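What follows is the content of structure-v4.pdb (PDB, C-alpha atoms).
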```
ATOM      1  CA  MET A   1       8.851   2.137 -11.711  1.00  0.00           C
ATOM      2  CA  HIS A   2       8.464   1.243  -8.035  1.00  0.00           C
ATOM      3  CA  PHE A   3       6.228   2.197  -5.109  1.00  0.00           C
ATOM      4  CA  HIS A   4       6.715   3.773  -1.680  1.00  0.00           C
ATOM      5  CA  GLY A   5       4.422   3.378   1.317  1.00  0.00           C
ATOM      6  CA  TYR A   6       3.728   6.093   3.883  1.00  0.00           C
ATOM      7  CA  LEU A   7       1.875   5.916   7.188  1.00  0.00           C
ATOM      8  CA  TRP A   8       1.067   8.701   9.631  1.00  0.00           C
ATOM      9  CA  VAL A   9      -0.974   8.617  12.827  1.00  0.00           C
ATOM     10  CA  GLY A  10      -1.564  11.826  14.696  1.00  0.00           C
ATOM     11  CA  ASP A  11      -3.909  14.460  15.968  1.00  0.00           C
ATOM     12  CA  LYS A  12      -6.585  15.360  13.409  1.00  0.00           C
ATOM     13  CA  ALA A  13      -6.126  19.051  14.285  1.00  0.00           C
ATOM     14  CA  VAL A  14      -2.506  18.810  13.072  1.00  0.00           C
ATOM     15  CA  PHE A  15      -3.647  16.995   9.917  1.00  0.00           C
ATOM     16  CA  ASP A  16      -6.118  19.818   9.279  1.00  0.00           C
ATOM     17  CA  LYS A  17      -3.421  22.508   9.574  1.00  0.00           C
ATOM     18  CA  GLU A  18      -2.913  23.489   5.959  1.00  0.00           C
ATOM     19  CA  SER A  19       0.366  25.345   6.466  1.00  0.00           C
ATOM     20  CA  VAL A  20       2.272  22.150   7.240  1.00  0.00           C
ATOM     21  CA  ARG A  21       0.600  20.174   4.431  1.00  0.00           C
ATOM     22  CA  ARG A  22       1.010  22.583   1.516  1.00  0.00           C
ATOM     23  CA  PRO A  23       4.368  23.518  -0.045  1.00  0.00           C
ATOM     24  CA  PRO A  24       5.407  27.134   0.368  1.00  0.00           C
ATOM     25  CA  SER A  25       4.353  29.512  -2.360  1.00  0.00           C
ATOM     26  CA  PRO A  26       7.121  30.308  -4.833  1.00  0.00           C
ATOM     27  CA  VAL A  27       6.231  33.969  -4.244  1.00  0.00           C
ATOM     28  CA  GLU A  28       7.152  35.407  -0.853  1.00  0.00           C
ATOM     29  CA  PRO A  29       4.602  37.576   0.953  1.00  0.00           C
ATOM     30  CA  THR A  30       5.082  41.321   0.763  1.00  0.00           C
ATOM     31  CA  MET A  31       5.086  43.933   3.498  1.00  0.00           C
ATOM     32  CA  THR A  32       1.397  44.530   2.768  1.00  0.00           C
ATOM     33  CA  SER A  33       0.377  40.865   2.911  1.00  0.00           C
ATOM     34  CA  PRO A  34      -2.119  39.947   5.637  1.00  0.00           C
ATOM     35  CA  PRO A  35      -0.482  38.575   8.816  1.00  0.00           C
ATOM     36  CA  ASP A  36      -2.065  35.132   8.360  1.00  0.00           C
ATOM     37  CA  VAL A  37      -0.528  34.839   4.872  1.00  0.00           C
ATOM     38  CA  VAL A  38       2.902  35.785   6.218  1.00  0.00           C
ATOM     39  CA  GLU A  39       2.567  33.283   9.076  1.00  0.00           C
ATOM     40  CA  ARG A  40       1.458  30.462   6.783  1.00  0.00           C
ATOM     41  CA  TYR A  41       4.384  31.146   4.484  1.00  0.00           C
ATOM     42  CA  ARG A  42       6.855  31.107   7.399  1.00  0.00           C
ATOM     43  CA  GLU A  43       5.423  27.843   8.728  1.00  0.00           C
ATOM     44  CA  ALA A  44       5.481  26.235   5.289  1.00  0.00           C
ATOM     45  CA  VAL A  45       9.108  27.225   4.675  1.00  0.00           C
ATOM     46  CA  ALA A  46      10.200  25.961   8.086  1.00  0.00           C
ATOM     47  CA  GLU A  47       8.148  22.779   8.352  1.00  0.00           C
ATOM     48  CA  TRP A  48       6.777  21.534   5.051  1.00  0.00           C
ATOM     49  CA  ARG A  49       9.730  19.502   3.766  1.00  0.00           C
ATOM     50  CA  VAL A  50      10.632  17.983   7.134  1.00  0.00           C
ATOM     51  CA  THR A  51       7.282  17.282   8.755  1.00  0.00           C
ATOM     52  CA  GLU A  52       5.855  13.776   8.604  1.00  0.00           C
ATOM     53  CA  VAL A  53       2.309  15.151   8.363  1.00  0.00           C
ATOM     54  CA  PRO A  54       0.856  14.020   5.005  1.00  0.00           C
ATOM     55  CA  PRO A  55       1.015  16.563   2.191  1.00  0.00           C
ATOM     56  CA  LEU A  56      -2.231  17.779   0.625  1.00  0.00           C
ATOM     57  CA  GLU A  57      -1.221  16.222  -2.708  1.00  0.00           C
ATOM     58  CA  THR A  58      -0.200  12.575  -2.469  1.00  0.00           C
ATOM     59  CA  ALA A  59       2.714  12.847  -4.939  1.00  0.00           C
ATOM     60  CA  TYR A  60       4.399  15.405  -2.679  1.00  0.00           C
ATOM     61  CA  TRP A  61       5.355  12.576  -0.327  1.00  0.00           C
ATOM     62  CA  LEU A  62       8.266  12.118  -2.748  1.00  0.00           C
ATOM     63  CA  VAL A  63       9.640  15.516  -1.692  1.00  0.00           C
ATOM     64  CA  LYS A  64       9.772  14.483   1.979  1.00  0.00           C
ATOM     65  CA  PRO A  65      12.890  12.956   3.573  1.00  0.00           C
ATOM     66  CA  ALA A  66      13.598   9.280   2.889  1.00  0.00           C
ATOM     67  CA  LYS A  67      13.149   8.489   6.594  1.00  0.00           C
ATOM     68  CA  VAL A  68       9.369   8.798   6.249  1.00  0.00           C
ATOM     69  CA  VAL A  69       9.180   6.006   3.654  1.00  0.00           C
ATOM     70  CA  ARG A  70       7.714   2.926   5.393  1.00  0.00           C
ATOM     71  CA  GLY A  71       8.400   0.511   2.568  1.00  0.00           C
ATOM     72  CA  THR A  72       9.409   0.214  -1.074  1.00  0.00           C
ATOM     73  CA  TRP A  73       8.159  -2.390  -3.536  1.00  0.00           C
ATOM     74  CA  GLU A  74       8.805  -3.263  -7.159  1.00  0.00           C
ATOM     75  CA  ARG A  75       5.338  -4.714  -7.809  1.00  0.00           C
ATOM     76  CA  PRO A  76       1.914  -3.112  -7.222  1.00  0.00           C
ATOM     77  CA  LYS A  77       0.555  -6.256  -5.593  1.00  0.00           C
ATOM     78  CA  GLU A  78       3.290  -6.230  -2.916  1.00  0.00           C
ATOM     79  CA  ALA A  79       2.638  -2.562  -2.130  1.00  0.00           C
ATOM     80  CA  ALA A  80      -1.104  -3.206  -1.933  1.00  0.00           C
ATOM     81  CA  GLU A  81      -0.486  -6.151   0.416  1.00  0.00           C
ATOM     82  CA  TRP A  82       1.396  -3.807   2.764  1.00  0.00           C
ATOM     83  CA  LEU A  83      -1.600  -1.472   2.646  1.00  0.00           C
ATOM     84  CA  GLY A  84      -3.874  -4.415   3.474  1.00  0.00           C
ATOM     85  CA  HIS A  85      -1.710  -5.364   6.444  1.00  0.00           C
ATOM     86  CA  CYS A  86      -1.855  -1.791   7.747  1.00  0.00           C
ATOM     87  CA  LEU A  87      -5.624  -1.609   7.264  1.00  0.00           C
ATOM     88  CA  THR A  88      -6.134  -4.918   9.049  1.00  0.00           C
ATOM     89  CA  SER A  89      -3.955  -3.940  11.984  1.00  0.00           C
ATOM     90  CA  TYR A  90      -5.682  -0.559  12.465  1.00  0.00           C
ATOM     91  CA  ALA A  91      -9.249  -1.644  11.574  1.00  0.00           C
ATOM     92  CA  PRO A  92     -10.273  -2.428  15.180  1.00  0.00           C
ATOM     93  CA  ARG A  93      -9.586   1.239  16.000  1.00  0.00           C
ATOM     94  CA  PHE A  94     -11.519   2.735  13.054  1.00  0.00           C
ATOM     95  CA  ALA A  95     -14.202   5.065  14.358  1.00  0.00           C
ATOM     96  CA  ALA A  96     -16.703   4.044  11.647  1.00  0.00           C
ATOM     97  CA  GLN A  97     -17.997   0.489  11.885  1.00  0.00           C
ATOM     98  CA  ALA A  98     -18.416   0.273   8.085  1.00  0.00           C
ATOM     99  CA  ASP A  99     -14.662   0.802   7.634  1.00  0.00           C
ATOM    100  CA  GLN A 100     -13.957  -2.265   9.776  1.00  0.00           C
ATOM    101  CA  ASP A 101     -15.713  -4.594   7.323  1.00  0.00           C
ATOM    102  CA  THR A 102     -13.316  -7.223   5.924  1.00  0.00           C
ATOM    103  CA  THR A 103     -14.922  -7.079   2.473  1.00  0.00           C
ATOM    104  CA  MET A 104     -14.383  -3.300   2.286  1.00  0.00           C
ATOM    105  CA  LEU A 105     -10.740  -3.703   3.310  1.00  0.00           C
ATOM    106  CA  THR A 106     -10.222  -6.348   0.609  1.00  0.00           C
ATOM    107  CA  LEU A 107     -11.805  -4.072  -2.003  1.00  0.00           C
ATOM    108  CA  ARG A 108      -9.471  -1.231  -1.008  1.00  0.00           C
ATOM    109  CA  VAL A 109      -6.443  -3.500  -1.425  1.00  0.00           C
ATOM    110  CA  THR A 110      -7.668  -4.638  -4.848  1.00  0.00           C
ATOM    111  CA  TYR A 111      -8.313  -1.021  -5.846  1.00  0.00           C
ATOM    112  CA  ALA A 112      -4.825  -0.032  -4.658  1.00  0.00           C
ATOM    113  CA  ALA A 113      -3.100  -2.749  -6.697  1.00  0.00           C
ATOM    114  CA  ASP A 114      -5.076  -1.765  -9.801  1.00  0.00           C
ATOM    115  CA  THR A 115      -4.412   1.957  -9.346  1.00  0.00           C
ATOM    116  CA  LEU A 116      -0.686   1.422  -8.824  1.00  0.00           C
ATOM    117  CA  SER A 117      -0.450  -0.861 -11.858  1.00  0.00           C
ATOM    118  CA  ARG A 118      -1.783   2.054 -13.929  1.00  0.00           C
ATOM    119  CA  GLY A 119       0.810   4.465 -12.487  1.00  0.00           C
ATOM    120  CA  GLY A 120      -1.530   6.178 -10.033  1.00  0.00           C
ATOM    121  CA  ASP A 121      -1.163   6.951  -6.336  1.00  0.00           C
ATOM    122  CA  VAL A 122      -3.376   5.810  -3.463  1.00  0.00           C
ATOM    123  CA  SER A 123      -4.233   7.809  -0.358  1.00  0.00           C
ATOM    124  CA  LEU A 124      -6.583   6.703   2.433  1.00  0.00           C
ATOM    125  CA  GLY A 125      -7.534   8.275   5.758  1.00  0.00           C
ATOM    126  CA  TYR A 126      -9.457   7.027   8.775  1.00  0.00           C
ATOM    127  CA  TYR A 127     -10.546   8.395  12.114  1.00  0.00           C
ATOM    128  CA  LEU A 128      -9.220   6.193  14.883  1.00  0.00           C
ATOM    129  CA  GLY A 129     -11.302   7.851  17.569  1.00  0.00           C
ATOM    130  CA  ARG A 130     -10.897  11.455  18.496  1.00  0.00           C
ATOM    131  CA  PRO A 131      -8.464  13.066  18.161  1.00  0.00           C
ATOM    132  CA  GLN A 132      -6.394  10.424  16.338  1.00  0.00           C
ATOM    133  CA  PHE A 133      -6.320  10.100  12.556  1.00  0.00           C
ATOM    134  CA  LEU A 134      -4.597   7.527  10.304  1.00  0.00           C
ATOM    135  CA  SER A 135      -3.261   8.438   6.878  1.00  0.00           C
ATOM    136  CA  LEU A 136      -1.901   5.787   4.494  1.00  0.00           C
ATOM    137  CA  ALA A 137      -0.428   6.401   1.059  1.00  0.00           C
ATOM    138  CA  LEU A 138       1.154   4.425  -1.740  1.00  0.00           C
ATOM    139  CA  VAL A 139       3.064   6.584  -4.201  1.00  0.00           C
ATOM    140  CA  THR A 140       4.356   5.607  -7.628  1.00  0.00           C
ATOM    141  CA  CYS A 141       7.978   6.620  -8.081  1.00  0.00           C
ATOM    142  CA  SER A 142      10.361   7.013 -11.019  1.00  0.00           C
ATOM    143  CA  PRO A 143       8.379   8.577 -12.518  1.00  0.00           C
ATOM    144  CA  ASN A 144       5.297   9.881 -10.760  1.00  0.00           C
ATOM    145  CA  ARG A 145       2.586  11.292 -13.039  1.00  0.00           C
ATOM    146  CA  ALA A 146       2.077  14.434 -10.967  1.00  0.00           C
ATOM    147  CA  LEU A 147       5.802  15.078 -10.339  1.00  0.00           C
ATOM    148  CA  PRO A 148       7.624  13.402 -13.246  1.00  0.00           C
ATOM    149  CA  ASP A 149      10.918  15.252 -12.627  1.00  0.00           C
ATOM    150  CA  GLN A 150      11.025  14.581  -8.881  1.00  0.00           C
ATOM    151  CA  PRO A 151      13.925  12.265  -8.025  1.00  0.00           C
ATOM    152  CA  CYS A 152      13.294   9.237  -5.853  1.00  0.00           C
ATOM    153  CA  PRO A 153      13.749  10.001  -2.126  1.00  0.00           C
ATOM    154  CA  VAL A 154      15.316   6.573  -1.500  1.00  0.00           C
ATOM    155  CA  ASP A 155      18.595   5.225  -2.853  1.00  0.00           C
ATOM    156  CA  LEU A 156      17.669   1.948  -4.502  1.00  0.00           C
TER
END
```

Could you take the file, read its structure, and then write that structure out as structure tokens?
Amino acid sequence: MHFHGYLWVGDKAVFDKESVRRPPSPVEPTMTSPPDVVERYREAVAEWRVTEVPPLETAYWLVKPAKVVRGTWERPKEAAEWLGHCLTSYAPRFAAQADQDTTMLTLRVTYAADTLSRGGDVSLGYYLGRPQFLSLALVTCSPNRALPDQPCPVDL
């Protein structure tokens, strides 16, 4: 088992666009499907696997191209330390003052290490001031509980 880190900063409106964050339905729309369903399906097929926008389900990061992996670690503590570094570097830009608190950041790192050690995934998001949004994720790989048959996106 190992862990991958993911980081995305972008427009919150893009983050909120479900069609690029949800995998395409295994069932194609029909001729009688509403136009918005057809459009969402087309967008998902074209963009979902290649976009760097975070997926709705954290484990689906493993389906994305290897180029979006920001780091890989063998131990939960090392992965959590990367998360802590990211949080510390972005904290001055967090829109909410409470999220800038050093004690809260330390607790999140401790939580992340514990969650990863149990085989779970970690996903955090912060407003950086409108319209920017930060998404951070740590994903357990080989295997992942939610996608146990998904191969690792990175050649180790």

Discussion item. As number ranges by chain, please: the residues near A:Leu116 (cut-off 9 Å, only C-alpha atoms, same-chain neighbours under 6 positions excluded).
Written reply: A: 3, 75-77, 79-80, 122, 138-140

Worksheet item: By how many Å are atom CA of A:Ala44 and atom CA of A:Ser25 apart?
Response: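 Atom-to-atom, atom CA of A:Ala44 to atom CA of A:Ser25, that is 8.4 Å.
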
Worksheet item: A:Cys141, A:Ala96, A:Val37, A:Leu7: which is nearest A:Val69, counting only C-alpha atoms?
Response: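 Selected residue with least distance to A:Val69: A:Leu7.
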
Discussion item. With 12 Å as the threshold, what does the neighbourhood of (5.0, 21.4, -2.0) contain in terms of residues, counting all atoms listed in the file? Coordinates are those of the file; answer as number ranges by chain.
Written reply: A: 18-26, 41, 44-45, 47-51, 54-64, 146-147, 150

Practice prompt. With a distance cut-off of 8 Å and only C-alpha atoms, select the neighbouring residues of A:Gly119, excluding the residue or stretch itself and same-chain residues fewer than 2 positions from it, and output the selection as a list in words.
Written response: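 Within the cut-off, the hits are Thr115, Leu116, Ser117, Asp121, Thr140, Asn144 and Arg145 of chain A.
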
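One finds atom CA of A:Pro143 at 22.1 Å from atom CA of A:Val109.
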
Item to complete: Rank nothing, just name the residue among A:Ser135, A:Thr32, A:Thr72, A:Thr88 nearest to A:Asp16, using all atoms listed in the file.
Response: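 Going through A:Ser135, A:Thr32, A:Thr72, A:Thr88 one by one, the smallest distance to A:Asp16 is for A:Ser135.
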
How would you write, as a PDB file with C-alpha atoms, keeping the file's coordinate frame, the residues chosen by the PyMOL selection byres ((chain A and resi 12) around 7) on this structure?
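Wrote it out as expr.pdb, contents follow:
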```pdb
ATOM      1  CA  GLY A  10      -1.564  11.826  14.696  1.00  0.00           C
ATOM      2  CA  ASP A  11      -3.909  14.460  15.968  1.00  0.00           C
ATOM      3  CA  ALA A  13      -6.126  19.051  14.285  1.00  0.00           C
ATOM      4  CA  VAL A  14      -2.506  18.810  13.072  1.00  0.00           C
ATOM      5  CA  PHE A  15      -3.647  16.995   9.917  1.00  0.00           C
ATOM      6  CA  ASP A  16      -6.118  19.818   9.279  1.00  0.00           C
ATOM      7  CA  PRO A 131      -8.464  13.066  18.161  1.00  0.00           C
ATOM      8  CA  GLN A 132      -6.394  10.424  16.338  1.00  0.00           C
ATOM      9  CA  PHE A 133      -6.320  10.100  12.556  1.00  0.00           C
TER      10      PHE A 133
END
```
